[in-house]
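Text of the file my_file-v8.cif, holding mmCIF, C-alpha atoms; chains and numbers go by the auth columns:
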data_entry
#
loop_
_atom_site.group_PDB
_atom_site.id
_atom_site.type_symbol
_atom_site.label_atom_id
_atom_site.label_comp_id
_atom_site.label_asym_id
_atom_site.label_seq_id
_atom_site.Cartn_x
_atom_site.Cartn_y
_atom_site.Cartn_z
_atom_site.B_iso_or_equiv
_atom_site.auth_seq_id
_atom_site.auth_asym_id
ATOM 1 C CA MET A 1 -35.947 0.774 1.821 0.00 1 A
ATOM 2 C CA THR A 2 -32.305 1.742 1.288 0.00 2 A
ATOM 3 C CA SER A 3 -33.006 3.080 -2.183 0.00 3 A
ATOM 4 C CA THR A 4 -35.819 5.311 -0.843 0.00 4 A
ATOM 5 C CA ARG A 5 -33.575 6.451 1.998 0.00 5 A
ATOM 6 C CA ASN A 6 -30.753 7.313 -0.393 0.00 6 A
ATOM 7 C CA LEU A 7 -33.130 9.116 -2.759 0.00 7 A
ATOM 8 C CA LEU A 8 -34.397 11.269 0.120 0.00 8 A
ATOM 9 C CA ILE A 9 -30.829 12.043 1.172 0.00 9 A
ATOM 10 C CA LEU A 10 -29.914 12.946 -2.410 0.00 10 A
ATOM 11 C CA LEU A 11 -32.957 15.230 -2.706 0.00 11 A
ATOM 12 C CA ALA A 12 -32.117 17.028 0.536 0.00 12 A
ATOM 13 C CA ALA A 13 -28.455 17.393 -0.438 0.00 13 A
ATOM 14 C CA ALA A 14 -29.364 18.552 -3.950 0.00 14 A
ATOM 15 C CA GLY A 15 -31.613 21.164 -2.381 0.00 15 A
ATOM 16 C CA SER A 16 -28.753 22.444 -0.255 0.00 16 A
ATOM 17 C CA VAL A 17 -26.471 22.528 -3.296 0.00 17 A
ATOM 18 C CA ALA A 18 -29.137 24.456 -5.228 0.00 18 A
ATOM 19 C CA VAL A 19 -29.497 26.990 -2.405 0.00 19 A
ATOM 20 C CA LEU A 20 -25.720 27.443 -2.234 0.00 20 A
ATOM 21 C CA LEU A 21 -25.418 27.849 -6.001 0.00 21 A
ATOM 22 C CA GLY A 22 -28.308 30.312 -5.987 0.00 22 A
ATOM 23 C CA ALA A 23 -26.703 32.357 -3.219 0.00 23 A
ATOM 24 C CA LEU A 24 -23.375 32.401 -5.030 0.00 24 A
ATOM 25 C CA GLY A 25 -25.137 33.321 -8.270 0.00 25 A
ATOM 26 C CA PHE A 26 -26.864 36.270 -6.610 0.00 26 A
ATOM 27 C CA GLN A 27 -23.543 37.291 -5.083 0.00 27 A
ATOM 28 C CA TYR A 28 -21.248 36.988 -8.087 0.00 28 A
ATOM 29 C CA LEU A 29 -23.564 37.238 -11.109 0.00 29 A
ATOM 30 C CA GLY A 30 -26.255 39.461 -9.622 0.00 30 A
ATOM 31 C CA ASP A 31 -23.806 41.678 -7.741 0.00 31 A
ATOM 32 C CA LEU A 32 -25.778 41.336 -4.482 0.00 32 A
ATOM 33 C CA PRO A 33 -23.247 41.140 -1.647 0.00 33 A
ATOM 34 C CA PRO A 34 -24.188 38.899 1.275 0.00 34 A
ATOM 35 C CA CYS A 35 -24.439 40.164 4.824 0.00 35 A
ATOM 36 C CA LYS A 36 -23.051 38.373 7.858 0.00 36 A
ATOM 37 C CA LEU A 37 -26.334 36.499 8.495 0.00 37 A
ATOM 38 C CA CYS A 38 -26.468 35.441 4.830 0.00 38 A
ATOM 39 C CA ILE A 39 -23.037 33.872 5.197 0.00 39 A
ATOM 40 C CA TYR A 40 -24.089 32.139 8.431 0.00 40 A
ATOM 41 C CA GLN A 41 -27.022 30.566 6.573 0.00 41 A
ATOM 42 C CA ARG A 42 -24.675 28.986 4.027 0.00 42 A
ATOM 43 C CA TRP A 43 -22.523 26.951 6.400 0.00 43 A
ATOM 44 C CA PRO A 44 -25.228 24.483 7.504 0.00 44 A
ATOM 45 C CA HIS A 45 -25.977 23.798 3.826 0.00 45 A
ATOM 46 C CA VAL A 46 -22.307 22.956 3.297 0.00 46 A
ATOM 47 C CA ALA A 47 -22.464 20.695 6.354 0.00 47 A
ATOM 48 C CA ALA A 48 -25.601 18.994 4.998 0.00 48 A
ATOM 49 C CA VAL A 49 -23.862 18.184 1.712 0.00 49 A
ATOM 50 C CA VAL A 50 -20.881 16.693 3.559 0.00 50 A
ATOM 51 C CA ILE A 51 -23.214 14.737 5.839 0.00 51 A
ATOM 52 C CA ALA A 52 -25.055 13.426 2.777 0.00 52 A
ATOM 53 C CA LEU A 53 -21.822 12.062 1.335 0.00 53 A
ATOM 54 C CA GLY A 54 -21.256 10.115 4.532 0.00 54 A
ATOM 55 C CA ALA A 55 -24.890 9.070 4.898 0.00 55 A
ATOM 56 C CA LEU A 56 -24.988 7.544 1.420 0.00 56 A
ATOM 57 C CA GLY A 57 -22.114 5.242 2.366 0.00 57 A
ATOM 58 C CA THR A 58 -23.484 4.135 5.732 0.00 58 A
ATOM 59 C CA ARG A 59 -26.640 2.758 7.275 0.00 59 A
ATOM 60 C CA GLY A 60 -28.637 3.858 10.246 0.00 60 A
ATOM 61 C CA PRO A 61 -30.455 7.032 11.194 0.00 61 A
ATOM 62 C CA ALA A 62 -27.602 8.960 12.870 0.00 62 A
ATOM 63 C CA LEU A 63 -26.319 10.842 9.812 0.00 63 A
ATOM 64 C CA PRO A 64 -29.793 11.641 8.441 0.00 64 A
ATOM 65 C CA VAL A 65 -30.672 13.066 11.860 0.00 65 A
ATOM 66 C CA LEU A 66 -27.505 15.189 11.701 0.00 66 A
ATOM 67 C CA GLY A 67 -28.560 16.322 8.222 0.00 67 A
ATOM 68 C CA ALA A 68 -31.952 17.310 9.629 0.00 68 A
ATOM 69 C CA LEU A 69 -30.231 19.307 12.366 0.00 69 A
ATOM 70 C CA ALA A 70 -28.099 21.092 9.763 0.00 70 A
ATOM 71 C CA ALA A 71 -31.225 21.958 7.781 0.00 71 A
ATOM 72 C CA LEU A 72 -32.994 23.091 10.940 0.00 72 A
ATOM 73 C CA SER A 73 -30.068 25.304 11.942 0.00 73 A
ATOM 74 C CA THR A 74 -30.049 27.190 8.630 0.00 74 A
ATOM 75 C CA ALA A 75 -33.849 27.505 8.835 0.00 75 A
ATOM 76 C CA VAL A 76 -33.555 29.041 12.304 0.00 76 A
ATOM 77 C CA ILE A 77 -30.854 31.470 11.149 0.00 77 A
ATOM 78 C CA GLY A 78 -33.017 32.338 8.127 0.00 78 A
ATOM 79 C CA ALA A 79 -36.058 32.949 10.337 0.00 79 A
ATOM 80 C CA TYR A 80 -33.985 35.152 12.641 0.00 80 A
ATOM 81 C CA HIS A 81 -32.639 37.031 9.605 0.00 81 A
ATOM 82 C CA THR A 82 -36.188 37.487 8.285 0.00 82 A
ATOM 83 C CA GLY A 83 -37.175 39.040 11.604 0.00 83 A
ATOM 84 C CA VAL A 84 -34.215 41.403 11.427 0.00 84 A
ATOM 85 C CA GLU A 85 -35.150 42.404 7.866 0.00 85 A
ATOM 86 C CA ARG A 86 -38.768 43.042 8.835 0.00 86 A
ATOM 87 C CA GLY A 87 -37.837 44.984 11.963 0.00 87 A
ATOM 88 C CA TRP A 88 -39.426 42.456 14.335 0.00 88 A
ATOM 89 C CA TRP A 89 -36.255 42.428 16.421 0.00 89 A
ATOM 90 C CA GLU A 90 -32.812 43.935 16.368 0.00 90 A
ATOM 91 C CA GLY A 91 -30.047 42.131 14.568 0.00 91 A
ATOM 92 C CA PRO A 92 -26.353 41.946 15.327 0.00 92 A
ATOM 93 C CA THR A 93 -24.983 45.431 15.923 0.00 93 A
ATOM 94 C CA SER A 94 -22.137 44.683 13.534 0.00 94 A
ATOM 95 C CA CYS A 95 -24.471 44.508 10.531 0.00 95 A
ATOM 96 C CA THR A 96 -27.611 46.519 11.259 0.00 96 A
ATOM 97 C CA ALA A 97 -28.416 50.188 11.366 0.00 97 A
ATOM 98 C CA SER A 98 -29.545 50.097 14.974 0.00 98 A
ATOM 99 C CA GLY A 99 -28.443 52.463 17.659 0.00 99 A
ATOM 100 C CA SER A 100 -27.975 56.163 17.845 0.00 100 A
ATOM 101 C CA VAL A 101 -24.828 58.132 17.215 0.00 101 A
ATOM 102 C CA THR A 102 -25.905 60.822 19.654 0.00 102 A
ATOM 103 C CA GLY A 103 -23.225 61.387 22.244 0.00 103 A
ATOM 104 C CA MET A 104 -20.534 59.510 20.310 0.00 104 A
ATOM 105 C CA SER A 105 -17.181 61.139 19.887 0.00 105 A
ATOM 106 C CA THR A 106 -15.906 61.751 16.388 0.00 106 A
ATOM 107 C CA ASP A 107 -13.262 59.069 16.860 0.00 107 A
ATOM 108 C CA ASP A 108 -15.843 56.512 18.049 0.00 108 A
ATOM 109 C CA LEU A 109 -18.112 57.337 15.124 0.00 109 A
ATOM 110 C CA LEU A 110 -15.237 57.019 12.658 0.00 110 A
ATOM 111 C CA ASN A 111 -14.247 53.676 14.188 0.00 111 A
ATOM 112 C CA GLN A 112 -17.841 52.448 13.903 0.00 112 A
ATOM 113 C CA ILE A 113 -17.976 53.465 10.242 0.00 113 A
ATOM 114 C CA MET A 114 -14.602 51.946 9.410 0.00 114 A
ATOM 115 C CA ASN A 115 -15.449 48.638 11.149 0.00 115 A
ATOM 116 C CA ALA A 116 -18.963 48.331 9.724 0.00 116 A
ATOM 117 C CA GLU A 117 -19.940 45.420 7.497 0.00 117 A
ATOM 118 C CA ILE A 118 -20.290 46.226 3.812 0.00 118 A
ATOM 119 C CA GLN A 119 -23.809 44.819 3.575 0.00 119 A
ATOM 120 C CA ARG A 120 -26.354 45.490 6.316 0.00 120 A
ATOM 121 C CA CYS A 121 -28.387 42.547 7.623 0.00 121 A
ATOM 122 C CA ASP A 122 -31.583 44.577 7.837 0.00 122 A
ATOM 123 C CA ASP A 123 -31.638 45.495 4.131 0.00 123 A
ATOM 124 C CA VAL A 124 -33.577 43.312 1.692 0.00 124 A
ATOM 125 C CA LEU A 125 -31.735 43.360 -1.607 0.00 125 A
ATOM 126 C CA TRP A 126 -34.069 40.943 -3.436 0.00 126 A
ATOM 127 C CA ASP A 127 -37.479 39.455 -2.845 0.00 127 A
ATOM 128 C CA LEU A 128 -39.992 37.261 -4.611 0.00 128 A
ATOM 129 C CA PHE A 129 -43.693 37.456 -3.714 0.00 129 A
ATOM 130 C CA GLY A 130 -42.770 39.650 -0.743 0.00 130 A
ATOM 131 C CA LEU A 131 -40.329 37.109 0.708 0.00 131 A
ATOM 132 C CA SER A 132 -36.604 37.777 0.965 0.00 132 A
ATOM 133 C CA MET A 133 -33.842 35.279 0.274 0.00 133 A
ATOM 134 C CA ALA A 134 -33.638 34.635 4.023 0.00 134 A
ATOM 135 C CA SER A 135 -37.353 33.817 4.098 0.00 135 A
ATOM 136 C CA TRP A 136 -37.069 31.501 1.108 0.00 136 A
ATOM 137 C CA ASN A 137 -34.071 29.814 2.713 0.00 137 A
ATOM 138 C CA THR A 138 -36.165 29.180 5.831 0.00 138 A
ATOM 139 C CA ILE A 139 -38.982 27.591 3.840 0.00 139 A
ATOM 140 C CA ALA A 140 -36.688 25.477 1.670 0.00 140 A
ATOM 141 C CA SER A 141 -34.602 24.362 4.647 0.00 141 A
ATOM 142 C CA LEU A 142 -37.691 23.170 6.509 0.00 142 A
ATOM 143 C CA VAL A 143 -38.552 21.056 3.460 0.00 143 A
ATOM 144 C CA PHE A 144 -34.991 19.689 3.426 0.00 144 A
ATOM 145 C CA MET A 145 -35.285 18.924 7.134 0.00 145 A
ATOM 146 C CA ALA A 146 -38.450 16.926 6.460 0.00 146 A
ATOM 147 C CA LEU A 147 -36.631 14.965 3.755 0.00 147 A
ATOM 148 C CA TRP A 148 -33.752 14.225 6.140 0.00 148 A
ATOM 149 C CA LEU A 149 -36.161 13.085 8.860 0.00 149 A
ATOM 150 C CA TRP A 150 -38.022 10.901 6.403 0.00 150 A
ATOM 151 C CA ALA A 151 -34.658 9.350 5.425 0.00 151 A
ATOM 152 C CA ALA A 152 -33.909 8.761 9.120 0.00 152 A
ATOM 153 C CA LEU A 153 -37.239 6.948 9.499 0.00 153 A
ATOM 154 C CA LYS A 154 -36.469 4.850 6.435 0.00 154 A
ATOM 155 C CA SER A 155 -33.104 3.997 8.015 0.00 155 A
ATOM 156 C CA ARG A 156 -34.870 2.272 10.879 0.00 156 A
ATOM 157 C CA ALA A 157 -37.138 0.166 8.680 0.00 157 A
#

How does the structure come out when it is put into structure tokens?
Amino acid sequence: MTSTRNLLILLAAAGSVAVLLGALGFQYLGDLPPCKLCIYQRWPHVAAVVIALGALGTRGPALPVLGALAALSTAVIGAYHTGVERGWWEGPTSCTASGSVTGMSTDDLLNQIMNAEIQRCDDVLWDLFGLSMASWNTIASLVFMALWLWAALKSRA
């Protein structure tokens, strides 16, 4: 049972590493700058990799459950980001093109421009089969979460 548990943990962690490497590849090789929500989606993957290192050296379901929560958190952020990209809801004002400039003073408008994020969260820079990177992250992270939960169940056996 331990070998199956460890294999599941390794698969989930390898998935997170692959997502991180893909995101960095798009950023640095593909010249696609990440937005604030893109960055937020990366941190739970980093946490999952660190959790995996600990989980491989211990027994019990606690760390695999934490890994599942990390995967779930990046999936939730990715789903939220997808909604922002598709216009289903408004995103953070610091990285979307929401709001009107009507009635703003010149100084306020200049401050808003100067403090704006470089990449907007509501722009889709790349997609595959109509799904953005945020959407693909959501799907992949739900698969990783299932692997983590399966490892947690194997930890109890």

| task | List the residues selected by the PyMOL selection byres ((chain A and resi 53-62) around 8) in the file shown, writing them as a ChimeraX atom specification. | result | /A:6,9,49-52,63-66,151-156

Keeping only C-alpha atoms, take the residues you just selected and write them out as an mmCIF file, in the frame of the given file.
data_model
loop_
_atom_site.group_PDB
_atom_site.id
_atom_site.type_symbol
_atom_site.label_atom_id
_atom_site.label_comp_id
_atom_site.auth_asym_id
_atom_site.auth_seq_id
_atom_site.Cartn_x
_atom_site.Cartn_y
_atom_site.Cartn_z
ATOM 1 C CA ASN A 6 -30.753 7.313 -0.393
ATOM 2 C CA ILE A 9 -30.829 12.043 1.172
ATOM 3 C CA VAL A 49 -23.862 18.184 1.712
ATOM 4 C CA VAL A 50 -20.881 16.693 3.559
ATOM 5 C CA ILE A 51 -23.214 14.737 5.839
ATOM 6 C CA ALA A 52 -25.055 13.426 2.777
ATOM 7 C CA LEU A 63 -26.319 10.842 9.812
ATOM 8 C CA PRO A 64 -29.793 11.641 8.441
ATOM 9 C CA VAL A 65 -30.672 13.066 11.860
ATOM 10 C CA LEU A 66 -27.505 15.189 11.701
ATOM 11 C CA ALA A 151 -34.658 9.350 5.425
ATOM 12 C CA ALA A 152 -33.909 8.761 9.120
ATOM 13 C CA LEU A 153 -37.239 6.948 9.499
ATOM 14 C CA LYS A 154 -36.469 4.850 6.435
ATOM 15 C CA SER A 155 -33.104 3.997 8.015
ATOM 16 C CA ARG A 156 -34.870 2.272 10.879
#

| request: Would you kindly translate the PyMOL selection byres ((chain A and resi 122) around 12) into the concrete residues it picks from this file, as a VMD selection string? | output: chain A and resid 34 to 38 80 to 98 117 119 to 121 123 to 125 132 134

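You will find atom CA of Leu32 of chain A at 23.5 Å from atom CA of Ala47 of chain A.
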
| query | For Leu20 of chain A, which of A:Ala146, A:Leu7, A:His45, A:Leu72 is the closest residue, counting only C-alpha atoms? | reply | A:His45

| field | Residue nearest Val19 of chain A - candidates A:Gly130, A:Pro44, A:Pro33, A:Gly67, atoms counted: all atoms listed in the file | value | A:Pro44

Please, could N, CA, C and O atoms be added to segment 71-88 of chain A and the result written as an mmCIF file, in the frame of the given file?
data_model
loop_
_atom_site.group_PDB
_atom_site.id
_atom_site.type_symbol
_atom_site.label_atom_id
_atom_site.label_comp_id
_atom_site.auth_asym_id
_atom_site.auth_seq_id
_atom_site.Cartn_x
_atom_site.Cartn_y
_atom_site.Cartn_z
ATOM 1 N N ALA A 71 -30.153 21.241 8.477
ATOM 2 C CA ALA A 71 -31.225 21.958 7.781
ATOM 3 C C ALA A 71 -32.019 22.831 8.750
ATOM 4 O O ALA A 71 -32.371 23.974 8.425
ATOM 5 N N LEU A 72 -32.275 22.300 9.933
ATOM 6 C CA LEU A 72 -32.994 23.091 10.940
ATOM 7 C C LEU A 72 -32.186 24.311 11.356
ATOM 8 O O LEU A 72 -32.743 25.403 11.510
ATOM 9 N N SER A 73 -30.878 24.161 11.498
ATOM 10 C CA SER A 73 -30.068 25.304 11.942
ATOM 11 C C SER A 73 -30.075 26.429 10.912
ATOM 12 O O SER A 73 -30.183 27.607 11.277
ATOM 13 N N THR A 74 -29.998 26.114 9.628
ATOM 14 C CA THR A 74 -30.049 27.190 8.630
ATOM 15 C C THR A 74 -31.450 27.789 8.547
ATOM 16 O O THR A 74 -31.606 28.987 8.307
ATOM 17 N N ALA A 75 -32.477 26.970 8.809
ATOM 18 C CA ALA A 75 -33.849 27.505 8.835
ATOM 19 C C ALA A 75 -34.021 28.483 9.990
ATOM 20 O O ALA A 75 -34.646 29.540 9.832
ATOM 21 N N VAL A 76 -33.453 28.156 11.138
ATOM 22 C CA VAL A 76 -33.555 29.041 12.304
ATOM 23 C C VAL A 76 -32.803 30.350 12.044
ATOM 24 O O VAL A 76 -33.316 31.436 12.337
ATOM 25 N N ILE A 77 -31.610 30.247 11.473
ATOM 26 C CA ILE A 77 -30.854 31.470 11.149
ATOM 27 C C ILE A 77 -31.632 32.298 10.125
ATOM 28 O O ILE A 77 -31.713 33.526 10.230
ATOM 29 N N GLY A 78 -32.221 31.631 9.131
ATOM 30 C CA GLY A 78 -33.017 32.338 8.127
ATOM 31 C C GLY A 78 -34.239 33.016 8.733
ATOM 32 O O GLY A 78 -34.577 34.146 8.358
ATOM 33 N N ALA A 79 -34.896 32.350 9.675
ATOM 34 C CA ALA A 79 -36.058 32.949 10.337
ATOM 35 C C ALA A 79 -35.637 34.158 11.169
ATOM 36 O O ALA A 79 -36.310 35.202 11.163
ATOM 37 N N TYR A 80 -34.524 34.026 11.878
ATOM 38 C CA TYR A 80 -33.985 35.152 12.641
ATOM 39 C C TYR A 80 -33.655 36.319 11.701
ATOM 40 O O TYR A 80 -34.014 37.467 11.969
ATOM 41 N N HIS A 81 -33.007 36.008 10.582
ATOM 42 C CA HIS A 81 -32.639 37.031 9.605
ATOM 43 C C HIS A 81 -33.893 37.707 9.043
ATOM 44 O O HIS A 81 -33.931 38.931 8.864
ATOM 45 N N THR A 82 -34.923 36.923 8.771
ATOM 46 C CA THR A 82 -36.188 37.487 8.285
ATOM 47 C C THR A 82 -36.743 38.486 9.290
ATOM 48 O O THR A 82 -37.205 39.571 8.917
ATOM 49 N N GLY A 83 -36.699 38.132 10.566
ATOM 50 C CA GLY A 83 -37.175 39.040 11.604
ATOM 51 C C GLY A 83 -36.375 40.322 11.666
ATOM 52 O O GLY A 83 -36.929 41.412 11.881
ATOM 53 N N VAL A 84 -35.073 40.208 11.457
ATOM 54 C CA VAL A 84 -34.215 41.403 11.427
ATOM 55 C C VAL A 84 -34.597 42.278 10.236
ATOM 56 O O VAL A 84 -34.740 43.499 10.361
ATOM 57 N N GLU A 85 -34.785 41.650 9.072
ATOM 58 C CA GLU A 85 -35.150 42.404 7.866
ATOM 59 C C GLU A 85 -36.490 43.111 8.020
ATOM 60 O O GLU A 85 -36.674 44.227 7.530
ATOM 61 N N ARG A 86 -37.422 42.472 8.687
ATOM 62 C CA ARG A 86 -38.768 43.042 8.835
ATOM 63 C C ARG A 86 -38.898 43.965 10.044
ATOM 64 O O ARG A 86 -39.952 44.520 10.288
ATOM 65 N N GLY A 87 -37.811 44.095 10.809
ATOM 66 C CA GLY A 87 -37.837 44.984 11.963
ATOM 67 C C GLY A 87 -38.562 44.402 13.163
ATOM 68 O O GLY A 87 -38.954 45.144 14.067
ATOM 69 N N TRP A 88 -38.753 43.086 13.206
ATOM 70 C CA TRP A 88 -39.426 42.456 14.335
ATOM 71 C C TRP A 88 -38.540 42.439 15.564
ATOM 72 O O TRP A 88 -39.011 42.425 16.681
#
